[in-house]
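> I'm passing along model18.tsv; it holds TSV, C-alpha atoms (C1' of nucleotides).
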```tsv
chain	number	residue	atom	x	y	z
A	1	MET	CA	133.53	87.21	115.17
A	2	LYS	CA	130.01	87.95	114.01
A	3	ILE	CA	128.04	90.49	115.99
A	4	ASN	CA	124.75	88.71	115.41
A	5	PRO	CA	125.35	85.05	114.68
A	6	GLN	CA	121.62	84.23	114.96
A	7	THR	CA	120.55	86.17	111.95
A	8	SER	CA	123.09	88.13	109.99
A	9	ASP	CA	124.94	85.19	108.48
A	10	LEU	CA	121.90	83.35	107.24
A	11	THR	CA	122.09	82.32	103.65
A	12	LEU	CA	119.13	83.08	101.43
A	13	ASP	CA	118.32	79.37	101.50
A	14	ASP	CA	118.34	79.25	105.29
A	15	ARG	CA	115.81	82.01	105.72
A	16	LEU	CA	112.38	81.17	106.96
A	17	CYS	CA	110.89	83.91	104.81
A	18	VAL	CA	112.27	82.32	101.64
A	19	ALA	CA	111.19	78.84	102.68
A	20	LEU	CA	107.68	80.12	103.30
A	21	TYR	CA	107.57	82.13	100.12
A	22	THR	CA	108.80	79.20	98.03
A	23	ALA	CA	106.64	76.56	99.68
A	24	SER	CA	103.54	78.69	99.34
A	25	ARG	CA	104.10	79.21	95.63
A	26	ALA	CA	104.94	75.54	95.16
A	27	MET	CA	101.61	74.70	96.77
A	28	THR	CA	99.76	77.07	94.48
A	29	ALA	CA	101.58	75.63	91.48
A	30	ARG	CA	100.63	72.11	92.58
A	31	TYR	CA	96.98	73.11	92.78
A	32	ARG	CA	97.03	74.84	89.38
A	33	PRO	CA	96.62	71.84	87.04
A	34	ILE	CA	94.10	70.24	89.38
A	35	LEU	CA	92.00	73.39	89.60
A	36	ALA	CA	92.29	73.96	85.86
A	37	GLU	CA	89.80	71.09	85.55
A	38	LEU	CA	87.35	73.37	87.32
A	39	SER	CA	88.53	76.52	85.54
A	40	LEU	CA	89.38	78.03	88.91
A	41	THR	CA	92.46	79.81	90.16
A	42	TYR	CA	93.77	79.00	93.60
A	43	PRO	CA	92.29	82.03	95.42
A	44	GLN	CA	89.03	81.52	93.56
A	45	TYR	CA	88.97	77.92	94.78
A	46	LEU	CA	89.52	79.02	98.38
A	47	VAL	CA	86.62	81.44	98.15
A	48	MET	CA	84.44	78.65	96.74
A	49	VAL	CA	85.47	76.38	99.63
A	50	ALA	CA	84.43	79.10	102.05
A	51	LEU	CA	81.07	79.23	100.28
A	52	TRP	CA	80.65	75.46	100.22
A	53	GLU	CA	81.26	75.49	103.94
A	54	SER	CA	79.28	78.53	104.97
A	55	ALA	CA	77.10	80.05	102.25
A	56	PRO	CA	75.46	82.48	102.52
A	57	ILE	CA	78.46	84.47	103.67
A	58	THR	CA	79.50	88.11	103.30
A	59	ILE	CA	82.60	89.28	101.48
A	60	GLY	CA	83.92	90.60	104.76
A	61	GLU	CA	83.60	87.19	106.41
A	62	VAL	CA	85.43	85.54	103.52
A	63	GLY	CA	88.13	88.18	103.94
A	64	ASP	CA	88.43	87.39	107.63
A	65	ARG	CA	88.80	83.69	106.92
A	66	LEU	CA	91.44	84.13	104.25
A	67	SER	CA	93.01	87.36	105.48
A	68	LEU	CA	92.23	89.08	102.20
A	69	GLU	CA	91.19	92.68	101.64
A	70	SER	CA	88.08	93.81	99.81
A	71	SER	CA	90.36	95.28	97.17
A	72	THR	CA	91.41	91.71	96.36
A	73	LEU	CA	88.08	90.02	96.93
A	74	SER	CA	85.73	92.42	95.17
A	75	PRO	CA	87.06	91.83	91.66
A	76	LEU	CA	87.71	88.14	92.36
A	77	VAL	CA	84.13	87.61	93.48
A	78	LYS	CA	82.88	89.46	90.42
A	79	ARG	CA	84.78	87.03	88.25
A	80	LEU	CA	83.18	84.11	90.09
A	81	GLU	CA	79.80	85.73	89.58
A	82	SER	CA	80.45	86.17	85.87
A	83	MET	CA	81.26	82.44	85.78
A	84	ASN	CA	77.79	81.93	87.24
A	85	LEU	CA	79.14	80.21	90.37
A	86	LEU	CA	77.69	82.62	92.90
A	87	LYS	CA	75.31	85.52	93.27
A	88	ARG	CA	76.08	88.81	94.99
A	89	ARG	CA	73.28	90.37	96.94
A	90	ARG	CA	73.23	93.48	99.09
A	91	ASN	CA	72.24	92.50	102.60
A	92	PRO	CA	68.77	93.98	103.31
A	93	GLU	CA	69.69	94.22	107.01
A	94	ASP	CA	72.79	96.24	106.23
A	95	GLU	CA	73.03	97.62	102.75
A	96	ARG	CA	76.78	98.16	103.13
A	97	SER	CA	77.63	94.48	103.14
A	98	VAL	CA	77.36	92.05	100.24
A	99	THR	CA	76.15	88.52	100.85
A	100	LEU	CA	77.35	85.73	98.58
A	101	GLU	CA	75.11	82.80	97.68
A	102	LEU	CA	75.87	79.72	95.63
A	103	THR	CA	74.13	79.29	92.31
A	104	LYS	CA	73.02	75.84	91.19
A	105	HIS	CA	76.17	75.65	89.11
A	106	GLY	CA	78.35	76.75	92.04
A	107	ASP	CA	76.75	74.19	94.31
A	108	ALA	CA	77.13	71.46	91.71
A	109	MET	CA	80.82	72.18	91.43
A	110	ARG	CA	81.27	71.12	95.04
A	111	VAL	CA	80.86	67.52	93.95
A	112	ARG	CA	83.39	67.87	91.18
A	113	ALA	CA	85.80	69.45	93.67
A	114	GLU	CA	85.52	66.69	96.23
A	115	SER	CA	88.61	64.85	95.08
A	116	VAL	CA	90.85	67.91	95.23
A	117	PRO	CA	91.93	67.64	98.89
A	118	HIS	CA	92.85	64.01	98.45
A	119	GLN	CA	94.90	64.70	95.34
A	120	ILE	CA	96.83	67.39	97.16
A	121	SER	CA	97.20	65.34	100.28
A	122	THR	CA	98.83	62.61	98.24
A	123	ALA	CA	101.21	65.09	96.66
A	124	ILE	CA	102.19	66.54	100.03
A	125	GLY	CA	103.34	63.20	101.34
A	126	LEU	CA	102.99	64.01	105.04
A	127	SER	CA	101.26	61.99	107.71
A	128	GLU	CA	98.04	63.39	109.09
A	129	SER	CA	99.68	64.27	112.38
A	130	LYS	CA	102.74	65.87	110.78
A	131	GLN	CA	100.45	67.91	108.63
A	132	ARG	CA	98.36	69.07	111.58
A	133	GLU	CA	101.52	69.96	113.43
A	134	LEU	CA	102.79	72.03	110.55
A	135	VAL	CA	99.46	73.81	110.26
A	136	ALA	CA	99.61	74.66	113.96
A	137	GLN	CA	103.14	76.02	113.63
A	138	LEU	CA	102.25	78.13	110.62
A	139	ARG	CA	99.18	79.56	112.28
A	140	LYS	CA	101.20	80.42	115.36
A	141	LEU	CA	103.78	82.09	113.13
A	142	ALA	CA	101.19	84.11	111.22
A	143	ASN	CA	99.72	85.16	114.53
A	144	GLU	CA	103.06	86.33	115.92
A	145	LEU	CA	103.72	88.29	112.77
A	146	GLU	CA	100.36	90.00	112.94
A	147	ILE	CA	100.70	90.81	116.61
A	148	SER	CA	104.15	92.33	116.31
A	149	TYR	CA	102.95	94.19	113.24
A	150	ASN	CA	100.18	95.93	115.15
A	151	ASP	CA	102.40	97.43	117.85
B	1	MET	CA	80.29	57.90	108.09
B	2	LYS	CA	82.75	59.87	105.99
B	3	ILE	CA	84.36	58.11	103.08
B	4	ASN	CA	87.60	59.98	103.38
B	5	PRO	CA	88.04	61.22	106.95
B	6	GLN	CA	91.67	62.22	106.30
B	7	THR	CA	90.91	65.01	103.92
B	8	SER	CA	87.36	65.65	102.90
B	9	ASP	CA	86.12	67.03	106.20
B	10	LEU	CA	88.89	69.54	106.70
B	11	THR	CA	87.72	73.02	107.49
B	12	LEU	CA	89.23	75.87	105.52
B	13	ASP	CA	91.16	76.79	108.66
B	14	ASP	CA	92.58	73.30	109.02
B	15	ARG	CA	94.06	73.16	105.56
B	16	LEU	CA	97.78	73.27	105.15
B	17	CYS	CA	97.42	75.21	101.93
B	18	VAL	CA	95.54	78.01	103.70
B	19	ALA	CA	97.98	78.07	106.61
B	20	LEU	CA	100.87	78.38	104.16
B	21	TYR	CA	99.14	80.98	102.04
B	22	THR	CA	98.22	83.08	105.06
B	23	ALA	CA	101.57	82.77	106.82
B	24	SER	CA	103.46	83.66	103.68
B	25	ARG	CA	101.43	86.81	103.15
B	26	ALA	CA	101.73	87.69	106.85
B	27	MET	CA	105.48	87.42	106.49
B	28	THR	CA	105.49	89.68	103.45
B	29	ALA	CA	103.26	92.15	105.27
B	30	ARG	CA	105.60	92.14	108.26
B	31	TYR	CA	108.54	92.93	105.98
B	32	ARG	CA	106.69	95.72	104.18
B	33	PRO	CA	107.14	98.61	106.65
B	34	ILE	CA	110.71	97.56	107.37
B	35	LEU	CA	111.63	97.43	103.69
B	36	ALA	CA	109.80	100.68	103.02
B	37	GLU	CA	112.77	102.34	104.74
B	38	LEU	CA	114.85	101.03	101.84
B	39	SER	CA	112.15	101.70	99.24
B	40	LEU	CA	112.18	98.01	98.37
B	41	THR	CA	109.37	95.51	97.94
B	42	TYR	CA	109.76	92.06	99.40
B	43	PRO	CA	110.76	90.26	96.17
B	44	GLN	CA	113.08	93.14	95.30
B	45	TYR	CA	114.73	92.73	98.70
B	46	LEU	CA	115.24	89.00	98.13
B	47	VAL	CA	116.92	89.68	94.81
B	48	MET	CA	119.17	92.22	96.50
B	49	VAL	CA	120.08	89.66	99.19
B	50	ALA	CA	121.02	87.23	96.44
B	51	LEU	CA	123.25	89.92	94.96
B	52	TRP	CA	124.81	90.84	98.31
B	53	GLU	CA	125.63	87.18	98.76
B	54	SER	CA	126.79	86.29	95.28
B	55	ALA	CA	127.21	89.23	92.89
B	56	PRO	CA	127.97	89.02	90.06
B	57	ILE	CA	125.13	86.60	89.38
B	58	THR	CA	122.93	85.91	86.37
B	59	ILE	CA	119.18	86.37	86.28
B	60	GLY	CA	118.83	82.65	85.77
B	61	GLU	CA	120.78	81.89	88.92
B	62	VAL	CA	118.64	84.30	90.92
B	63	GLY	CA	115.61	82.54	89.48
B	64	ASP	CA	116.94	79.17	90.57
B	65	ARG	CA	117.55	80.42	94.10
B	66	LEU	CA	114.11	81.96	94.48
B	67	SER	CA	112.16	79.69	92.14
B	68	LEU	CA	111.08	82.64	90.04
B	69	GLU	CA	110.63	82.80	86.26
B	70	SER	CA	112.32	85.27	83.96
B	71	SER	CA	108.90	86.74	83.25
B	72	THR	CA	108.80	87.81	86.90
B	73	LEU	CA	112.46	88.68	87.31
B	74	SER	CA	113.11	90.60	84.11
B	75	PRO	CA	110.85	93.54	84.90
B	76	LEU	CA	111.69	93.40	88.60
B	77	VAL	CA	115.41	93.61	87.85
B	78	LYS	CA	114.80	96.49	85.47
B	79	ARG	CA	113.10	98.37	88.28
B	80	LEU	CA	116.10	97.74	90.54
B	81	GLU	CA	118.34	99.00	87.77
B	82	SER	CA	116.26	102.13	87.34
B	83	MET	CA	116.71	102.67	91.09
B	84	ASN	CA	120.43	102.54	90.40
B	85	LEU	CA	120.96	99.54	92.70
B	86	LEU	CA	122.41	97.20	90.10
B	87	LYS	CA	123.71	97.05	86.57
B	88	ARG	CA	122.59	94.57	83.90
B	89	ARG	CA	125.29	93.37	81.53
B	90	ARG	CA	125.15	90.77	78.78
B	91	ASN	CA	127.63	88.06	79.57
B	92	PRO	CA	130.45	88.20	76.97
B	93	GLU	CA	130.95	84.44	77.38
B	94	ASP	CA	127.32	83.76	76.59
B	95	GLU	CA	125.37	86.62	75.14
B	96	ARG	CA	122.08	84.99	76.03
B	97	SER	CA	122.51	85.40	79.78
B	98	VAL	CA	122.41	88.66	81.72
B	99	THR	CA	124.82	89.18	84.58
B	100	LEU	CA	123.82	91.45	87.46
B	101	GLU	CA	126.36	93.57	89.31
B	102	LEU	CA	125.93	95.82	92.32
B	103	THR	CA	126.34	99.54	91.85
B	104	LYS	CA	128.00	101.59	94.58
B	105	HIS	CA	124.53	102.53	95.75
B	106	GLY	CA	123.39	98.92	95.75
B	107	ASP	CA	126.44	97.83	97.68
B	108	ALA	CA	126.01	100.65	100.19
B	109	MET	CA	122.44	99.57	100.85
B	110	ARG	CA	123.73	96.29	102.24
B	111	VAL	CA	124.83	98.13	105.37
B	112	ARG	CA	121.47	99.81	105.78
B	113	ALA	CA	119.80	96.42	105.36
B	114	GLU	CA	121.88	94.67	108.00
B	115	SER	CA	119.33	95.13	110.74
B	116	VAL	CA	116.44	93.66	108.73
B	117	PRO	CA	116.94	89.97	109.62
B	118	HIS	CA	117.15	90.78	113.30
B	119	GLN	CA	113.99	92.87	113.22
B	120	ILE	CA	112.12	90.04	111.55
B	121	SER	CA	113.62	87.42	113.81
B	122	THR	CA	112.31	89.34	116.80
B	123	ALA	CA	108.85	89.54	115.25
B	124	ILE	CA	108.77	85.82	114.50
B	125	GLY	CA	109.34	84.88	118.12
B	126	LEU	CA	110.76	81.43	117.47
B	127	SER	CA	113.93	79.93	118.87
B	128	GLU	CA	116.80	79.39	116.48
B	129	SER	CA	116.29	75.64	116.50
B	130	LYS	CA	112.52	75.83	116.03
B	131	GLN	CA	113.04	78.17	113.13
B	132	ARG	CA	115.59	75.89	111.50
B	133	GLU	CA	113.25	72.95	111.98
B	134	LEU	CA	110.39	74.82	110.33
B	135	VAL	CA	112.63	75.81	107.42
B	136	ALA	CA	113.60	72.17	106.95
B	137	GLN	CA	109.96	71.07	106.96
B	138	LEU	CA	108.94	73.74	104.49
B	139	ARG	CA	111.77	72.91	102.12
B	140	LYS	CA	110.86	69.24	102.28
B	141	LEU	CA	107.26	70.14	101.55
B	142	ALA	CA	108.17	72.35	98.59
B	143	ASN	CA	110.33	69.55	97.28
B	144	GLU	CA	107.57	66.96	97.53
B	145	LEU	CA	105.19	69.28	95.76
B	146	GLU	CA	107.63	69.87	92.93
B	147	ILE	CA	108.44	66.19	92.55
B	148	SER	CA	104.83	65.08	92.40
B	149	TYR	CA	104.16	67.95	90.04
B	150	ASN	CA	106.70	66.72	87.54
B	151	ASP	CA	105.29	63.23	87.16
C	1	DA	C1'	129.24	73.89	57.26
C	2	DA	C1'	124.07	73.98	57.43
C	3	DT	C1'	120.26	73.13	60.03
C	4	DA	C1'	117.48	71.75	63.95
C	5	DT	C1'	117.16	72.01	68.78
C	6	DT	C1'	117.84	74.00	73.08
C	7	DT	C1'	118.44	77.74	76.15
C	8	DG	C1'	118.29	82.52	78.68
C	9	DA	C1'	115.79	86.75	78.65
C	10	DA	C1'	112.24	89.46	77.49
C	11	DG	C1'	107.41	90.53	75.99
C	12	DT	C1'	102.28	89.65	76.56
C	13	DG	C1'	98.04	88.82	78.92
C	14	DC	C1'	95.66	87.88	82.98
C	15	DA	C1'	94.71	87.30	87.94
C	16	DT	C1'	96.11	88.36	92.18
C	17	DG	C1'	97.49	91.31	96.54
C	18	DC	C1'	97.45	95.45	98.86
C	19	DG	C1'	97.82	100.54	100.25
C	20	DA	C1'	95.15	104.47	99.54
C	21	DT	C1'	91.01	106.60	98.37
C	22	DT	C1'	86.06	106.88	97.45
C	23	DT	C1'	81.19	105.94	98.17
C	24	DA	C1'	77.27	104.72	100.57
C	25	DA	C1'	75.17	103.08	104.72
C	26	DT	C1'	75.10	102.73	109.65
C	27	DC	C1'	76.35	104.03	114.22
C	28	DG	C1'	77.32	107.01	118.17
C	29	DC	C1'	76.77	110.89	120.49
C	30	DC	C1'	74.70	114.99	121.64
D	1	DG	C1'	66.53	114.28	114.98
D	2	DG	C1'	71.04	115.70	113.27
D	3	DC	C1'	75.76	115.12	112.23
D	4	DG	C1'	80.46	113.56	112.52
D	5	DA	C1'	82.84	109.05	112.91
D	6	DT	C1'	82.95	104.41	111.51
D	7	DT	C1'	82.35	100.62	108.46
D	8	DA	C1'	81.78	97.42	104.09
D	9	DA	C1'	82.67	97.38	99.34
D	10	DA	C1'	84.44	99.06	95.41
D	11	DT	C1'	87.91	101.58	92.72
D	12	DC	C1'	92.63	102.89	91.48
D	13	DG	C1'	97.53	102.33	90.86
D	14	DC	C1'	101.35	99.52	91.09
D	15	DA	C1'	104.18	95.36	91.64
D	16	DT	C1'	104.20	90.74	91.46
D	17	DG	C1'	103.73	85.77	89.52
D	18	DC	C1'	103.17	82.77	85.86
D	19	DA	C1'	101.78	80.41	81.32
D	20	DC	C1'	102.76	81.23	76.80
D	21	DT	C1'	105.19	83.21	73.10
D	22	DT	C1'	109.12	85.48	70.92
D	23	DC	C1'	113.86	86.39	69.96
D	24	DA	C1'	118.58	85.79	69.76
D	25	DA	C1'	122.51	83.08	70.93
D	26	DA	C1'	124.61	78.71	71.70
D	27	DT	C1'	124.64	73.78	71.09
D	28	DA	C1'	123.76	69.38	68.88
D	29	DT	C1'	123.03	66.77	64.80
D	30	DT	C1'	123.50	65.40	60.34
```
For the structure just supplied, provide its representation as C-alpha cells.

Amino acid sequence: MKINPQTSDLTLDDRLCVALYTASRAMTARYRPILAELSLTYPQYLVMVALWESAPITIGEVGDRLSLESSTLSPLVKRLESMNLLKRRRNPEDERSVTLELTKHGDAMRVRAESVPHQISTAIGLSESKQRELVAQLRKLANELEISYND
Amino acid sequence: MKINPQTSDLTLDDRLCVALYTASRAMTARYRPILAELSLTYPQYLVMVALWESAPITIGEVGDRLSLESSTLSPLVKRLESMNLLKRRRNPEDERSVTLELTKHGDAMRVRAESVPHQISTAIGLSESKQRELVAQLRKLANELEISYND
DNA sequence: AATATTTGAAGTGCATGCGATTTAATCGCC
DNA sequence: GGCGATTAAATCGCATGCACTTCAAATATT
C-alpha cells in the first residue's frame, strides 16, 4: 500500500505542473505565427498590450501586471524602443522610475493587433464562460503558490 | 457599441494567455527553492521524473512526454550527465537515438525527491478532484492549441 | 545496389526569465 | 540637514526554449 496515494504515484502526465507548463508553452507557440506578422515575441506583445491599455506606464507597473522582474523587462523594453514602438523617459517626479510612452508607430500597431485576441479565441475553442472560469482558477492557483512561497 | 465584445475588450488581467503564463511561472517559482535542495532546475527535475518512471528512455521519448525539442533537451541532458545523474548511450539498435540511463547517484536521488510532490500539493491548496479537473482542462486546451496550430 | 528521403540528436543564434548585484534616487529617522 | 535604509532600473551570469541548420544513421524508392 502506498504511503501517499494523493501525490506520490502521479504519472508525469497527471501532474498539474506539467499540464500547466505544457499548456503555457502551447499557448505561446500558438501566438508565435500570429505575432510574427507584427514582428513581436509573446512577452513583447503583452508589454505592448499593457501600453495600449494604460500608457504612459512605468516599467515597475508593467512588471506588477505581468509578474516580471526588471531584469527581464529592462532589456525587453529596450528592444521595443529600438523597434521604435515606445519611448523610455525618466520620470521627472521620481528619477528612479522609467515611464514608457507609445510612439506613433507603437500606437498605430494597436490597430493591426486588434484581430489577435479573436484569432486566439477561435483556436482555444472554449466558451466565454468556460474560459472565464479557467482564468479564475488559474489566478487562484497562482495566488496560492505565491502566498505559500512567501511564508 | 463594441464590434467584438467576446474578445476585444478583455483587460490584460482577464486574458487566459496571461493567466496561464503567470500561473506557470508561479509554479516554477514555487518549485525552485524545493528543487534547490537537489540542485536541480525545474525542467531538469521533470526529465529526472521521466527517467525515474521509465528509464531507460530515449531523448526523443522524453521530448514527446514534455513537448520539448532536442535543441532544448540535448544541452539540458548533458548538464544532468555532467552532474553524474544519468548516462547517455547511443542505441545499438539505432545509432541515431540516444538512450538515457540512471546512474547510481541519479537513482538514489529518487528517494530524496519523494517528498517534492507532497510539498507542492500542499502549496497548491486544491482538492484531489479539483486538481484532476484542472489538469484535464489544461490538457484539452493544449490539445486544441496544437490542433489549430497544425492546420 | 545506389540514391533520395526521412529521422534523431546536436549545434547555432536569439529572446526570455530570474537570482544576485550594482547604481542612482528617494525616503525615513534622528 | 545628514545619513543609513529602501526602492526602481539596469547589469550580469546562467539555464531554458525554440526556429533553423547540420550531421549521421536508417529507411524508402527506383
> At what distance in Å, to one decimal, does atom CA of A:Arg25 lie from atom CA of B:Ser74?
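If I compute the distance from atom CA of B:Ser74 to atom CA of A:Arg25, I get 18.5 Å.
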> Please find the residues of chain D near chain A - the criterion being any atom within 9 Å, counting all atoms listed in the file - and write them as a list in words.
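So the residues of chain D near chain A are DT7, DA8, DA9, DA10, DT11 and DG17 of chain D.
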> Once you have the residues from the selection above, write them out as a PDB file, in the frame of the given file, restricted to C-alpha atoms (C1' of nucleotides).

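File produced: out-v8.pdb:
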```
ATOM      1  C1'  DT D   7      82.350 100.620 108.460  1.00  0.00           C
ATOM      2  C1'  DA D   8      81.780  97.420 104.090  1.00  0.00           C
ATOM      3  C1'  DA D   9      82.670  97.380  99.340  1.00  0.00           C
ATOM      4  C1'  DA D  10      84.440  99.060  95.410  1.00  0.00           C
ATOM      5  C1'  DT D  11      87.910 101.580  92.720  1.00  0.00           C
ATOM      6  C1'  DG D  17     103.730  85.770  89.520  1.00  0.00           C
TER       7       DG D  17
END
```
> Quick one: axis-aligned box around all listed atoms of stretch 72-91 of chain A, 6 Å on every side, centre and edge lengths in Å to one decimal, written as JSON.

```
{"center_x": 81.8, "center_y": 86.8, "center_z": 94.2, "size_x": 31.2, "size_y": 25.3, "size_z": 28.8}
```
> List as number ranges by chain the residues having at least one atom at most 9 Å from position (84.2, 74.2, 98.7) as given in the file, counting all atoms listed in the file.
A: 45-53, 107, 109-111, 113-114; B: 12
> Which one is closest to B:Thr11: A:Ser54, A:Gln137, A:Gln44, A:Thr99? Count all atoms listed in the file.
A:Ser54
> State, in Å with one decimal place, the distance from atom CA of B:Leu40 to atom CA of B:Lys104.
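Going from atom CA of B:Leu40 over to atom CA of B:Lys104, I get 16.7 Å.
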> May I have the protein, DNA and RNA residues with any atom at most 6 Å from the point (107.0, 91.3, 90.1), counting all atoms listed in the file, written as a ChimeraX atom specification?
/B:72,76 /D:15-16
